[in-house]
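Peer 1: Data: target-v6.txt, compact mmCIF, C-alpha atoms.
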```
# COMPACT_ATOMS: atom_id res chain seq x y z
CA MET Y 1 4.58 24.97 -14.13
CA THR Y 2 2.69 23.74 -11.12
CA THR Y 3 0.50 20.70 -11.01
CA SER Y 4 -2.53 20.54 -8.78
CA TYR Y 5 -4.36 17.43 -7.70
CA PHE Y 6 -7.84 16.73 -6.47
CA THR Y 7 -7.71 15.17 -3.03
CA LEU Y 8 -10.71 13.04 -2.23
CA PRO Y 9 -11.58 12.44 1.41
CA THR Y 10 -10.41 9.03 2.46
CA SER Y 11 -11.60 6.93 5.31
CA PRO Y 12 -9.66 4.61 7.58
CA THR Y 13 -12.56 2.20 7.36
CA GLY Y 14 -11.93 0.95 3.87
CA ALA Y 15 -12.50 1.51 0.22
CA TRP Y 16 -15.57 1.08 -1.87
CA ASP Y 17 -14.05 -1.73 -3.89
CA GLN Y 18 -13.83 -3.86 -0.75
CA LEU Y 19 -17.62 -4.14 -0.68
CA SER Y 20 -19.65 -6.72 -2.57
CA GLU Y 21 -22.01 -5.51 -5.30
CA ASN Y 22 -24.96 -6.20 -2.98
CA GLU Y 23 -23.35 -4.21 -0.16
CA LYS Y 24 -22.71 -1.31 -2.54
CA ALA Y 25 -26.39 -1.37 -3.45
CA TRP Y 26 -27.39 -1.18 0.25
CA ILE Y 27 -25.07 1.74 0.93
CA GLU Y 28 -26.04 3.61 -2.24
CA PHE Y 29 -29.71 3.27 -1.30
CA ILE Y 30 -29.04 4.51 2.25
CA ARG Y 31 -27.17 7.49 0.79
CA VAL Y 32 -30.08 8.35 -1.47
CA ILE Y 33 -32.89 8.06 1.08
CA SER Y 34 -30.89 9.91 3.74
CA ALA Y 35 -29.97 12.69 1.28
CA GLY Y 36 -26.30 12.04 1.94
CA SER Y 37 -26.56 12.85 5.63
CA ASP Y 38 -24.43 9.84 6.60
CA PRO Y 39 -27.04 8.53 9.08
CA ARG Y 40 -26.05 7.02 12.39
CA PRO Y 41 -27.00 3.37 12.94
CA THR Y 42 -29.06 3.91 16.09
CA PRO Y 43 -30.35 0.97 18.20
CA ASP Y 44 -33.89 1.41 16.79
CA ARG Y 45 -32.64 1.44 13.22
CA ILE Y 46 -30.44 -1.60 13.81
CA ARG Y 47 -33.34 -3.50 15.41
CA ASN Y 48 -35.53 -2.83 12.35
CA LEU Y 49 -32.72 -3.85 10.04
CA ARG Y 50 -32.16 -7.08 11.97
CA ASP Y 51 -35.89 -7.84 11.97
CA LEU Y 52 -35.82 -7.53 8.20
CA LEU Y 53 -32.78 -9.73 7.71
CA ASP Y 54 -33.89 -12.29 10.31
CA ALA Y 55 -37.16 -12.68 8.42
CA GLY Y 56 -35.09 -13.68 5.39
CA MET L 1 -25.79 38.81 -10.91
CA ALA L 2 -25.01 35.78 -13.08
CA GLU L 3 -25.87 32.41 -11.55
CA PRO L 4 -23.99 29.86 -13.68
CA HIS L 5 -24.42 27.10 -11.11
CA ALA L 6 -28.09 27.65 -10.30
CA LYS L 7 -30.22 24.51 -10.12
CA THR L 8 -27.20 22.20 -9.96
CA THR L 9 -27.60 19.24 -7.62
CA ALA L 10 -24.98 20.78 -5.33
CA ALA L 11 -26.81 24.12 -5.05
CA THR L 12 -30.14 22.39 -4.39
CA PHE L 13 -28.63 20.03 -1.83
CA LEU L 14 -26.91 22.89 -0.02
CA THR L 15 -30.12 24.92 0.12
CA ASP L 16 -32.12 21.98 1.47
CA ARG L 17 -29.48 21.12 4.04
CA ILE L 18 -29.22 24.69 5.36
CA ASN L 19 -33.01 24.81 5.64
CA THR L 20 -33.02 21.53 7.57
CA LEU L 21 -30.42 22.82 10.03
CA ARG L 22 -31.92 26.28 10.48
CA ARG L 23 -33.46 25.56 13.90
CA ARG L 24 -30.07 24.58 15.27
CA LYS L 25 -27.59 26.66 13.28
CA THR L 26 -27.73 29.98 11.51
CA GLN L 27 -26.29 30.38 8.06
CA LYS L 28 -23.63 32.60 9.62
CA GLN L 29 -22.62 29.79 12.02
CA ILE L 30 -22.43 27.28 9.19
CA ALA L 31 -20.27 29.67 7.15
CA HIS L 32 -17.98 30.22 10.14
CA GLU L 33 -17.63 26.46 10.80
CA ALA L 34 -16.91 25.86 7.13
CA GLY L 35 -14.17 28.47 7.21
CA PHE L 36 -15.80 31.07 4.97
CA PRO L 37 -14.75 34.54 6.20
CA ASN L 38 -17.79 36.05 4.48
CA ALA L 39 -21.16 34.60 5.53
CA ASN L 40 -22.61 35.77 2.21
CA MET L 41 -20.62 33.01 0.52
CA LEU L 42 -23.32 30.49 1.48
CA SER L 43 -25.94 32.67 -0.20
CA PHE L 44 -23.81 32.71 -3.34
CA LEU L 45 -23.47 28.91 -3.21
CA LYS L 46 -27.22 28.46 -2.70
CA SER L 47 -28.13 30.75 -5.57
CA GLY L 48 -25.51 29.22 -7.86
CA THR L 49 -23.54 32.44 -8.26
CA ASN L 50 -20.47 30.55 -7.03
CA LYS L 51 -19.56 26.88 -7.12
CA ILE L 52 -18.51 24.98 -4.00
CA PRO L 53 -14.73 25.38 -3.60
CA ILE L 54 -13.26 21.88 -3.71
CA ASP L 55 -10.80 22.64 -0.92
CA ARG L 56 -13.67 23.64 1.40
CA VAL L 57 -15.62 20.41 1.00
CA PRO L 58 -14.27 18.69 4.16
CA THR L 59 -15.06 21.63 6.48
CA LEU L 60 -18.31 22.46 4.71
CA ALA L 61 -19.48 18.84 5.00
CA LYS L 62 -18.69 18.87 8.70
CA ALA L 63 -20.56 22.15 9.19
CA LEU L 64 -23.56 20.81 7.25
CA GLU L 65 -23.31 17.43 9.06
CA VAL L 66 -23.31 15.49 5.81
CA ASP L 67 -21.19 12.76 4.28
CA PRO L 68 -18.04 14.47 2.91
CA ALA L 69 -17.74 11.89 0.16
CA TYR L 70 -21.24 12.71 -1.05
CA LEU L 71 -20.62 16.46 -0.95
CA MET L 72 -17.33 15.96 -2.78
CA ARG L 73 -19.14 14.10 -5.55
CA LEU L 74 -21.62 16.97 -5.93
CA ALA L 75 -18.87 19.61 -5.79
CA LEU L 76 -16.79 17.79 -8.40
CA GLU L 77 -19.79 17.47 -10.68
CA GLN L 78 -20.44 21.19 -10.29
CA SER L 79 -16.79 22.08 -10.94
CA VAL L 80 -15.79 19.83 -13.80
CA GLY L 81 -19.06 18.38 -15.09
CA ALA L 82 -20.69 14.98 -14.73
CA THR L 83 -18.45 13.06 -17.13
CA ALA L 84 -15.12 14.31 -15.75
CA SER L 85 -16.43 13.92 -12.20
CA LYS L 86 -17.31 10.28 -12.84
CA ALA L 87 -13.85 9.68 -14.31
CA ILE L 88 -12.17 11.15 -11.22
CA ILE L 89 -14.33 9.06 -8.88
CA ASP L 90 -13.70 5.93 -10.97
CA VAL L 91 -9.94 6.43 -10.75
CA CYS L 92 -9.71 7.55 -7.13
CA GLY L 93 -12.43 5.30 -5.74
CA THR L 94 -15.38 6.10 -3.54
CA PRO L 95 -14.55 6.29 0.15
CA VAL L 96 -16.77 4.58 2.70
CA THR L 97 -17.57 6.52 5.87
CA GLU L 98 -17.22 5.15 9.39
CA ARG L 99 -21.01 5.00 9.81
CA GLU L 100 -21.44 3.23 6.47
CA LYS L 101 -18.93 0.66 7.65
CA GLN L 102 -21.07 0.19 10.77
CA TRP L 103 -24.14 -0.38 8.57
CA ILE L 104 -22.22 -2.94 6.54
CA ASP L 105 -21.01 -4.70 9.71
CA GLU L 106 -24.61 -4.93 10.96
CA ILE L 107 -25.86 -6.26 7.62
CA ARG L 108 -23.10 -8.88 7.54
CA ASP L 109 -23.68 -9.90 11.14
CA ALA L 110 -27.49 -10.07 10.92
CA SER L 111 -27.38 -12.02 7.67
CA ASP L 112 -24.66 -14.45 8.78
CA ASP L 113 -22.47 -13.12 5.97
CA SER L 114 -24.92 -14.30 3.34
CA ASP L 115 -24.44 -11.10 1.27
CA PRO L 116 -28.18 -10.34 1.06
CA ARG L 117 -29.60 -8.65 -2.02
CA LEU L 118 -31.33 -5.29 -1.73
CA THR L 119 -34.86 -6.43 -2.46
CA THR L 120 -38.03 -4.41 -2.86
CA ARG L 121 -38.93 -5.40 0.70
CA SER L 122 -35.50 -4.25 1.94
CA ARG L 123 -35.99 -0.89 0.27
CA ALA L 124 -39.41 -0.49 1.87
CA THR L 125 -37.98 -1.32 5.30
CA LEU L 126 -35.12 1.14 4.85
CA ARG L 127 -37.58 3.84 3.82
CA GLY L 128 -39.48 3.10 7.03
CA ILE L 129 -36.29 3.25 9.09
CA PHE L 130 -35.47 6.68 7.67
CA GLY L 131 -39.04 7.94 7.61
CA LYS L 132 -39.19 8.32 3.82
```
Would you mind writing the file's structure down as structure tokens?
Peer 2:
Amino acid sequence: MTTSYFTLPTSPTGAWDQLSENEKAWIEFIRVISAGSDPRPTPDRIRNLRDLLDAG
Amino acid sequence: MAEPHAKTTAATFLTDRINTLRRRKTQKQIAHEAGFPNANMLSFLKSGTNKIPIDRVPTLAKALEVDPAYLMRLALEQSVGATASKAIIDVCGTPVTEREKQWIDEIRDASDDSDPRLTTRSRATLRGIFGK
């Protein structure tokens, strides 16, 4: 009898459980609005993000 | 021909993604990059005649330029159903991509590690960033 296993893709960058609940919410929302396209953090996008977080 | 996987999230996502890429890549190119010897396989996946082969998820995700973890979640759900898929993900964990780690690093840095909540305003800004 052979046993097969599902192999999920892993990343050298870390596991989901290393993120805080708030960070998980940010990433889940980015996944949804980008349709899972794994969007690149471009300089423009980072500037907008920083403007948001700087404003508090 | 029977289409047991028609209208699944995976079939819909695949169809949308191929449409989005069509100016840059033909369906035949995507099939070749994903390692499908027969280009018709993508048509079968789009129509729901076939389900996404789990072992092809990494190459298919690369060909479609999408997050492999996300595509794996959809493929698992299509293969084993939502409940079993959730159980597998719960046990194995959800991987974080390199780009997602970069987003997290920026959020931590810009917020001075204050672990900011995802507020309504944050969601609106993110929608603006991604043009949604």
Peer 1: Compute the distance from (-30.3, 24.0, -8.8) to each atom, counting only C-alpha atoms, keep the residues with any atom at most 12 Å away, and return them as a PyMOL selection string; use the coordinates of the file.
Peer 2: chain L and resi 3-16+45-51+74+78
Peer 1: Have a look at atom CA of Ser34 of chain Y and atom CA of Thr59 of chain L and let me know their distance in Å, one decimal.
Peer 2: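 Interatomic distance, atom CA of Ser34 of chain Y to atom CA of Thr59 of chain L: 19.9 Å.
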Peer 1: Find the residues around segment 22-30 of chain L up to 8 Å (only C-alpha atoms counted), leave out those fewer than 5 positions away in its own chain, and share them as a ChimeraX atom specification.
Peer 2: /L:39,42,60,63-64
Peer 1: Go ahead and dump the residues you just picked, C-alpha atoms, as an mmCIF file, in the frame of the given file.
Peer 2:
```cif
data_model
loop_
_atom_site.group_PDB
_atom_site.id
_atom_site.type_symbol
_atom_site.label_atom_id
_atom_site.label_comp_id
_atom_site.auth_asym_id
_atom_site.auth_seq_id
_atom_site.Cartn_x
_atom_site.Cartn_y
_atom_site.Cartn_z
ATOM 1 C CA ALA L 39 -21.160 34.600 5.530
ATOM 2 C CA LEU L 42 -23.320 30.490 1.480
ATOM 3 C CA LEU L 60 -18.310 22.460 4.710
ATOM 4 C CA ALA L 63 -20.560 22.150 9.190
ATOM 5 C CA LEU L 64 -23.560 20.810 7.250
#
```
Peer 1: Compute the set of chain L residues within 7 Å of chain Y, using all atoms listed in the file, and express it as a PyMOL selection string.
Peer 2: chain L and resi 65-70+93-101+103-104+110-111+115-118+127+129-130+132
Peer 1: Would you work out the distance separating atom CA of Asp113 of chain L from atom CA of Val91 of chain L, expressed in Å to one decimal?
Peer 2: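 Answer for the atom CA of Asp113 of chain L to atom CA of Val91 of chain L separation: 28.6 Å.
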Peer 1: Could you check how far atom CA of Phe36 of chain L sits from atom CA of Val57 of chain L, in Å to one decimal?
Peer 2: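 Atom CA of Val57 of chain L lies at a distance of 11.4 Å from atom CA of Phe36 of chain L.
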Peer 1: With all atoms listed in the file as the basis for distance, which of L:Pro37, L:Ala87, L:Ala75, L:Thr125 is at the shortest distance from Pro53 of chain L?
Peer 2: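 Using all atoms listed in the file, Pro53 of chain L sits closest to L:Ala75.
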Peer 1: From the list L:Asp55, L:Ala2, L:Lys62, L:Ile107, which residue is nearest Ala31 of chain L when using all atoms listed in the file?
Peer 2: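 Nearest to Ala31 of chain L: L:Lys62.
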